[in-house]
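Next up, input_2.csv (CSV, C-alpha atoms):
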chain,number,residue,atom,x,y,z
A,1,MET,CA,-7.1,16.7,13.7
A,2,LEU,CA,-10.0,15.0,11.8
A,3,GLU,CA,-10.4,11.4,12.6
A,4,ILE,CA,-12.0,8.9,10.1
A,5,LYS,CA,-13.3,5.5,11.1
A,6,CYS,CA,-11.9,3.0,8.6
A,7,PRO,CA,-14.4,0.0,8.5
A,8,TYR,CA,-11.3,-2.3,8.7
A,9,CYS,CA,-8.8,-0.5,11.0
A,10,GLY,CA,-11.0,1.7,13.2
A,11,LYS,CA,-10.5,5.3,14.0
A,12,ARG,CA,-7.4,6.8,12.3
A,13,SER,CA,-6.0,10.2,11.5
A,14,GLN,CA,-7.2,11.9,8.3
A,15,ASN,CA,-3.5,12.1,7.2
A,16,GLU,CA,-3.7,8.4,6.3
A,17,PHE,CA,-6.7,8.9,4.0
A,18,SER,CA,-7.3,10.2,0.5
A,19,TYR,CA,-10.6,11.6,-0.8
A,20,GLY,CA,-12.0,9.6,-3.6
A,21,GLY,CA,-15.0,11.7,-4.9
A,22,ASP,CA,-18.8,11.5,-4.9
A,23,ALA,CA,-20.1,8.0,-4.1
A,24,ASN,CA,-23.5,8.6,-5.8
A,25,ILE,CA,-22.1,8.8,-9.4
A,26,LYS,CA,-23.2,5.8,-11.5
A,27,ARG,CA,-21.4,4.9,-14.7
A,28,PRO,CA,-23.7,4.6,-17.7
A,29,LYS,CA,-24.5,1.0,-18.5
A,30,LEU,CA,-22.2,-0.7,-20.9
A,31,GLY,CA,-23.8,-1.5,-24.3
A,32,ASP,CA,-26.5,1.1,-23.9
A,33,GLU,CA,-26.8,4.1,-26.2
A,34,VAL,CA,-25.3,6.9,-24.2
A,35,SER,CA,-25.7,10.6,-25.2
A,36,THR,CA,-22.8,13.0,-25.1
A,37,LYS,CA,-24.6,14.9,-22.3
A,38,ASP,CA,-24.8,11.7,-20.2
A,39,TRP,CA,-21.1,11.1,-20.6
A,40,ASP,CA,-20.4,14.7,-19.8
A,41,ASP,CA,-22.5,14.4,-16.6
A,42,PHE,CA,-20.7,11.2,-15.6
A,43,VAL,CA,-17.2,12.3,-16.3
A,44,TYR,CA,-17.2,16.0,-15.4
A,45,PHE,CA,-20.2,17.3,-13.5
A,46,ARG,CA,-20.6,16.9,-9.7
A,47,ASP,CA,-23.0,18.3,-7.2
A,48,ASN,CA,-21.4,20.5,-4.6
A,49,PRO,CA,-23.9,20.3,-1.7
A,50,ARG,CA,-23.6,22.1,1.6
A,51,GLY,CA,-24.5,19.5,4.2
A,52,LYS,CA,-24.7,15.7,4.1
A,53,HIS,CA,-22.7,14.1,1.3
A,54,SER,CA,-21.8,10.4,0.4
A,55,GLU,CA,-18.2,10.1,-0.5
A,56,PHE,CA,-15.5,7.5,-1.4
A,57,TRP,CA,-12.4,7.5,0.7
A,58,HIS,CA,-9.2,5.5,0.4
A,59,HIS,CA,-7.2,4.4,3.4
A,60,VAL,CA,-4.1,4.9,1.4
A,61,SER,CA,-1.5,4.7,4.2
A,62,GLY,CA,-3.3,2.0,6.1
A,63,CYS,CA,-5.1,-1.1,4.8
A,64,ARG,CA,-5.3,0.4,1.3
A,65,GLN,CA,-9.1,-0.3,1.1
A,66,TRP,CA,-11.7,1.9,-0.4
A,67,PHE,CA,-14.9,2.6,1.6
A,68,LYS,CA,-17.9,4.9,1.7
A,69,ALA,CA,-18.4,7.8,4.2
A,70,SER,CA,-21.4,10.0,4.9
A,71,ARG,CA,-19.9,13.5,5.8
A,72,ASP,CA,-21.3,17.0,6.4
A,73,THR,CA,-19.4,19.2,4.0
A,74,ALA,CA,-20.0,22.3,6.2
A,75,THR,CA,-19.1,20.9,9.6
A,76,HIS,CA,-16.9,18.0,8.5
A,77,GLU,CA,-18.8,15.7,10.9
A,78,ILE,CA,-18.6,12.1,9.7
A,79,PHE,CA,-21.9,10.4,10.4
A,80,LYS,CA,-21.1,6.9,9.2
A,81,THR,CA,-18.5,4.9,7.2
A,82,ALA,CA,-19.2,1.6,5.5
A,83,ARG,CA,-17.5,-1.0,3.3
A,84,LEU,CA,-18.2,-0.8,-0.4
A,85,ASP,CA,-20.6,-3.8,-0.1
A,86,GLU,CA,-22.6,-2.3,2.7
A,87,ASP,CA,-25.2,0.5,2.7
A,88,LEU,CA,-24.4,3.8,4.2
B,1,MET,CA,22.8,-14.0,-6.1
B,2,ASN,CA,25.7,-13.6,-8.5
B,3,PRO,CA,28.9,-14.1,-6.4
B,4,GLU,CA,30.4,-11.0,-8.1
B,5,MET,CA,27.5,-8.8,-6.8
B,6,ILE,CA,28.0,-7.1,-3.5
B,7,TYR,CA,25.1,-7.0,-1.0
B,8,LEU,CA,24.3,-3.4,0.0
B,9,SER,CA,21.7,-3.0,2.6
B,10,PRO,CA,19.1,-0.3,2.0
B,11,LEU,CA,20.6,2.0,4.7
B,12,PHE,CA,24.2,1.2,3.8
B,13,ASN,CA,24.9,4.9,3.1
B,14,ASP,CA,22.8,6.3,6.0
B,15,HIS,CA,23.1,4.2,9.1
B,16,LYS,CA,26.0,5.2,11.3
B,17,ILE,CA,27.4,3.4,14.3
B,18,GLY,CA,28.1,5.4,17.5
B,19,ASN,CA,26.5,7.7,20.0
B,20,PHE,CA,24.5,10.7,18.8
B,21,GLY,CA,22.5,13.6,20.1
B,22,ASP,CA,22.1,14.3,23.8
B,23,TYR,CA,23.8,11.2,25.1
B,24,LYS,CA,26.4,12.7,27.4
B,25,ASN,CA,26.0,12.2,31.2
B,26,LYS,CA,23.3,9.5,30.5
B,27,ASN,CA,23.5,5.8,31.3
B,28,GLN,CA,24.3,4.0,28.1
B,29,LYS,CA,21.7,1.4,29.0
B,30,ASP,CA,18.9,4.0,29.0
B,31,LEU,CA,19.7,5.4,25.6
B,32,ILE,CA,17.6,4.6,22.6
B,33,LYS,CA,19.1,2.0,20.3
B,34,ILE,CA,18.7,2.2,16.6
B,35,LYS,CA,19.8,-0.5,14.2
B,36,GLU,CA,19.2,-1.7,10.7
B,37,ILE,CA,17.7,-5.1,10.3
B,38,THR,CA,19.0,-7.0,7.2
B,39,LYS,CA,18.9,-10.4,5.7
B,40,VAL,CA,15.3,-11.2,6.6
B,41,ASN,CA,12.9,-12.5,4.0
B,42,ILE,CA,9.7,-10.6,3.4
B,43,PHE,CA,6.8,-12.2,1.5
B,44,GLN,CA,3.5,-10.5,0.8
B,45,VAL,CA,0.6,-12.9,0.6
B,46,ALA,CA,-2.7,-11.6,-0.9
B,47,LYS,CA,-5.7,-13.9,-1.3
B,48,TYR,CA,-7.7,-13.4,-4.5
B,49,LYS,CA,-11.2,-12.1,-4.0
B,50,ASN,CA,-12.7,-15.0,-5.9
B,51,SER,CA,-10.9,-17.6,-3.9
B,52,ASN,CA,-12.9,-19.9,-1.6
B,53,ILE,CA,-9.9,-21.0,0.5
B,54,LYS,CA,-10.3,-20.6,4.2
B,55,ILE,CA,-7.1,-19.0,5.5
B,56,GLU,CA,-7.9,-20.3,9.0
B,57,ASN,CA,-7.0,-23.8,7.8
B,58,ILE,CA,-3.5,-22.9,6.6
B,59,ASN,CA,-0.4,-22.7,8.9
B,60,MET,CA,2.9,-21.2,8.0
B,61,ASP,CA,5.9,-22.1,10.1
B,62,ASN,CA,3.3,-23.5,12.6
B,63,LEU,CA,1.6,-20.0,12.8
B,64,SER,CA,-1.9,-19.2,11.8
B,65,PHE,CA,-2.7,-16.2,9.6
B,66,PRO,CA,-4.1,-13.3,11.7
B,67,ASN,CA,-7.5,-12.2,10.4
B,68,LYS,CA,-8.0,-8.7,11.7
B,69,TYR,CA,-6.3,-5.4,12.6
B,70,PRO,CA,-3.8,-5.2,14.4
B,71,GLU,CA,-2.9,-8.8,14.9
B,72,VAL,CA,0.5,-10.5,14.5
B,73,SER,CA,1.2,-14.2,14.7
B,74,CYS,CA,4.8,-14.9,15.7
B,75,ASN,CA,7.5,-17.3,16.9
B,76,SER,CA,11.2,-16.8,17.3
B,77,GLU,CA,11.9,-16.8,13.6
B,78,THR,CA,8.8,-15.7,11.8
B,79,ARG,CA,6.2,-13.0,12.2
B,80,ILE,CA,3.0,-12.8,10.1
B,81,LEU,CA,1.5,-9.3,10.0
B,82,TRP,CA,-2.1,-8.4,9.0
B,83,THR,CA,-1.7,-5.5,6.7
B,84,GLY,CA,-5.2,-5.4,5.2
B,85,PRO,CA,-8.2,-7.6,4.5
B,86,ASP,CA,-6.8,-10.8,3.0
B,87,VAL,CA,-3.3,-9.4,2.8
B,88,TRP,CA,-0.4,-10.4,5.0
B,89,LEU,CA,3.3,-9.9,5.3
B,90,ILE,CA,5.4,-12.9,6.3
B,91,ILE,CA,8.7,-11.6,7.8
B,92,THR,CA,11.1,-14.4,8.6
B,93,SER,CA,14.7,-15.5,9.0
B,94,ASN,CA,13.6,-19.1,8.3
B,95,GLN,CA,15.2,-20.1,5.0
B,96,ASN,CA,12.7,-22.9,4.4
B,97,ILE,CA,9.6,-20.7,4.3
B,98,GLU,CA,9.8,-20.1,0.6
B,99,LYS,CA,9.4,-23.8,0.0
B,100,GLU,CA,6.5,-24.0,2.5
B,101,ILE,CA,4.8,-21.1,0.8
B,102,SER,CA,4.9,-22.7,-2.6
B,103,LEU,CA,3.6,-25.9,-1.1
B,104,LYS,CA,0.7,-24.5,0.9
B,105,LEU,CA,-0.4,-21.4,-1.0
B,106,SER,CA,-1.5,-22.2,-4.5
B,107,GLU,CA,-1.1,-19.8,-7.3
B,108,LYS,CA,-4.8,-19.8,-8.2
B,109,ASP,CA,-5.8,-18.6,-4.7
B,110,PHE,CA,-2.9,-16.4,-3.7
B,111,ALA,CA,-0.6,-13.7,-5.1
B,112,ILE,CA,2.8,-14.1,-3.5
B,113,THR,CA,5.4,-11.3,-3.8
B,114,ASP,CA,8.9,-11.5,-2.6
B,115,LEU,CA,9.6,-8.1,-1.0
B,116,SER,CA,12.8,-9.0,0.7
B,117,HIS,CA,14.9,-6.4,-1.0
B,118,SER,CA,12.3,-3.7,-1.3
B,119,ARG,CA,12.0,-2.6,2.3
B,120,ALA,CA,14.3,-0.7,4.6
B,121,ILE,CA,13.9,-2.0,8.2
B,122,ILE,CA,14.8,-0.1,11.3
B,123,GLU,CA,14.6,-1.5,14.8
B,124,ILE,CA,14.3,1.1,17.5
B,125,SER,CA,14.4,0.1,21.2
B,126,GLY,CA,14.6,1.8,24.6
B,127,LYS,CA,12.3,3.5,27.0
B,128,GLN,CA,11.9,6.6,24.9
B,129,SER,CA,11.5,4.9,21.5
B,130,LEU,CA,7.7,5.4,21.9
B,131,ASP,CA,8.3,9.2,22.2
B,132,VAL,CA,10.3,9.1,19.0
B,133,LEU,CA,7.4,7.4,17.2
B,134,LYS,CA,4.8,9.7,18.7
B,135,LYS,CA,6.6,12.7,17.2
B,136,GLY,CA,6.0,11.7,13.6
B,137,THR,CA,3.0,9.3,13.4
B,138,PRO,CA,-0.7,10.1,14.1
B,139,LEU,CA,-1.3,6.5,15.3
B,140,ASN,CA,-2.7,6.1,18.7
B,141,LEU,CA,0.2,4.3,20.5
B,142,ASN,CA,-1.3,4.4,24.0
B,143,SER,CA,-0.8,1.0,25.7
B,144,SER,CA,-4.6,0.3,25.8
B,145,GLU,CA,-4.7,0.6,22.0
B,146,PHE,CA,-1.4,-0.7,20.7
B,147,LYS,CA,0.2,-3.6,22.4
B,148,LYS,CA,3.0,-6.1,22.0
B,149,ASN,CA,2.6,-8.2,18.9
B,150,ASN,CA,0.4,-5.6,17.2
B,151,CYS,CA,1.2,-4.0,13.9
B,152,SER,CA,-0.1,-1.2,11.8
B,153,ASN,CA,0.4,0.7,8.6
B,154,SER,CA,0.6,4.5,9.0
B,155,THR,CA,2.7,7.5,8.1
B,156,TYR,CA,5.8,9.0,9.8
B,157,ASN,CA,6.4,12.6,8.7
B,158,GLY,CA,4.4,11.8,5.6
B,159,ILE,CA,6.3,8.6,4.7
B,160,SER,CA,4.2,5.4,4.7
B,161,PHE,CA,5.5,2.7,6.9
B,162,ILE,CA,4.6,-0.4,8.8
B,163,LEU,CA,5.0,-0.4,12.6
B,164,ASP,CA,5.5,-3.8,14.3
B,165,PHE,CA,5.5,-3.8,18.1
B,166,ILE,CA,8.1,-6.5,18.9
B,167,ASP,CA,8.6,-6.4,22.7
B,168,GLU,CA,7.6,-4.5,25.8
B,169,ASP,CA,10.8,-5.0,27.8
B,170,PRO,CA,12.8,-3.4,26.5
B,171,LEU,CA,10.3,-1.5,24.3
B,172,THR,CA,11.2,-2.6,20.8
B,173,PHE,CA,9.6,-1.7,17.5
B,174,ARG,CA,10.4,-2.5,13.9
B,175,LEU,CA,9.7,0.0,11.2
B,176,PHE,CA,9.4,-1.0,7.5
B,177,CYS,CA,9.3,1.5,4.7
B,178,LEU,CA,9.9,1.4,1.0
B,179,ARG,CA,13.6,0.9,0.2
B,180,SER,CA,13.7,4.1,-1.8
B,181,PHE,CA,12.3,6.1,1.1
B,182,GLY,CA,14.8,4.5,3.5
B,183,GLY,CA,17.3,7.4,3.7
B,184,SER,CA,14.6,10.0,4.4
B,185,PHE,CA,12.8,7.8,6.8
B,186,TYR,CA,16.0,7.0,8.7
B,187,HIS,CA,16.9,10.7,9.0
B,188,SER,CA,13.3,11.4,10.2
B,189,ILE,CA,13.7,8.8,12.9
B,190,THR,CA,17.2,9.7,14.0
B,191,ASP,CA,16.4,13.5,14.0
B,192,ALA,CA,13.5,12.8,16.3
B,193,ALA,CA,15.8,10.7,18.6
B,194,LEU,CA,18.5,13.3,18.9
B,195,GLU,CA,17.0,15.1,21.9
B,196,TYR,CA,17.0,11.9,23.9
B,197,GLY,CA,20.4,10.7,22.7
B,198,TYR,CA,20.7,7.4,20.8
B,199,VAL,CA,23.1,4.7,20.0
B,200,GLY,CA,23.5,3.6,16.4
B,201,GLU,CA,24.3,-0.2,16.5
Rendering of file as structure tokens:
Amino acid sequence: MLEIKCPYCGKRSQNEFSYGGDANIKRPKLGDEVSTKDWDDFVYFRDNPRGKHSEFWHHVSGCRQWFKASRDTATHEIFKTARLDEDL
Amino acid sequence: MNPEMIYLSPLFNDHKIGNFGDYKNKNQKDLIKIKEITKVNIFQVAKYKNSNIKIENINMDNLSFPNKYPEVSCNSETRILWTGPDVWLIITSNQNIEKEISLKLSEKDFAITDLSHSRAIIEISGKQSLDVLKKGTPLNLNSSEFKKNNCSNSTYNGISFILDFIDEDPLTFRLFCLRSFGGSFYHSITDAALEYGYVGE
């Protein structure tokens, strides 16, 4: 069983969490002229790296908080987790 | 409540009184006991992110609000559970608490939700109640990690629930789940308890 360390609750089973996507994606700034390609990149296109990856996770069956995790997509090793206002 | 309305508890159609499972040739005192808890008030208190209020300065029923996982503040009538950062559940049989909440927790700082009728509550007690819980939840329930007056959110056979450790002697836990999941949750718990034998009270 994979264990994930929630920054608020400590180590808990993966069953309690839900994956929330790539944590590196930045929304285009409001009010700026945004090209269709930039919107496409933001909405649809994601990198699919083999190795270290920054991700959002949601402790959906726990404290219901979102947080960031740095995870190896090949080995599933989780290097670090952090609150949204902290750096990974 | 309208006097013509009939109060039906969340497990009205599910909870059965009597002995079940492998209870024969066992001392009645040693069997697991399962009962439904009704008529308690449940209030969720959530502090707004932009509020500057210090929760440490507020008492409810002479209890402070716990500020980290897995703490519970309690007295004989009221338990305050930490369920997330700046989110608490007040579970109480004290009928005056609603007044106290409206006096002490202002609308501009806190979101208060009355969840009294939205949760099914099961109390399970007895030596083997811990084994019943371990069958379905991935929580670490070892005594070094999870003690009396601790609480946690987790899942039991995939159903989200809140576990509140009430007492060590006898081992007693309260389990809260969404009312609509109450039937499935109750059957999950009682199925797991069959091999030990249990008493529905």
Hey, list the chain A side of the contact with chain B: 12 Å cut-off, only C-alpha atoms, answer as a short mmCIF file (atom, residue, chain, number, x, y, z; two decimals) with C-alpha atoms, keeping the file's coordinate frame.
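Now in out12.cif:
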data_model
loop_
_atom_site.label_atom_id
_atom_site.label_comp_id
_atom_site.auth_asym_id
_atom_site.auth_seq_id
_atom_site.Cartn_x
_atom_site.Cartn_y
_atom_site.Cartn_z
CA MET A 1 -7.10 16.70 13.70
CA LEU A 2 -10.00 15.00 11.80
CA GLU A 3 -10.40 11.40 12.60
CA CYS A 6 -11.90 3.00 8.60
CA PRO A 7 -14.40 0.00 8.50
CA TYR A 8 -11.30 -2.30 8.70
CA CYS A 9 -8.80 -0.50 11.00
CA GLY A 10 -11.00 1.70 13.20
CA LYS A 11 -10.50 5.30 14.00
CA ARG A 12 -7.40 6.80 12.30
CA SER A 13 -6.00 10.20 11.50
CA GLN A 14 -7.20 11.90 8.30
CA ASN A 15 -3.50 12.10 7.20
CA GLU A 16 -3.70 8.40 6.30
CA PHE A 17 -6.70 8.90 4.00
CA HIS A 59 -7.20 4.40 3.40
CA VAL A 60 -4.10 4.90 1.40
CA SER A 61 -1.50 4.70 4.20
CA GLY A 62 -3.30 2.00 6.10
CA CYS A 63 -5.10 -1.10 4.80
CA ARG A 64 -5.30 0.40 1.30
CA GLN A 65 -9.10 -0.30 1.10
CA TRP A 66 -11.70 1.90 -0.40
CA ARG A 83 -17.50 -1.00 3.30
#
Requested in this report: Name all residues at most 12 Å from stretch 22-33 of chain B (count all atoms listed in the file; drop same-chain ones fewer than 2 positions away) and give them as a count of residues only.
Outcome: 37
Query raised in the report: Within 10 Å of A:His76, counting only C-alpha atoms, which residues qualify if same-chain residues fewer than 5 places away don't, as a ChimeraX atom specification?
Result: /A:2,51-52,70-71
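Closest approach to A:Asn24 among A:His58, A:Arg46, A:Lys37, A:Lys80 is made by A:Arg46 (distances from all atoms listed in the file).
Taking atom CA of B:Val72 and atom CA of B:Asp164 as the two end points, the separation is 8.4 Å.
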Query - Spatial neighbours of A:Ser54, 9 Å, all atoms listed in the file, chain gap at least 4 places, as number ranges by chain - result: A: 21-24, 68-72, 88
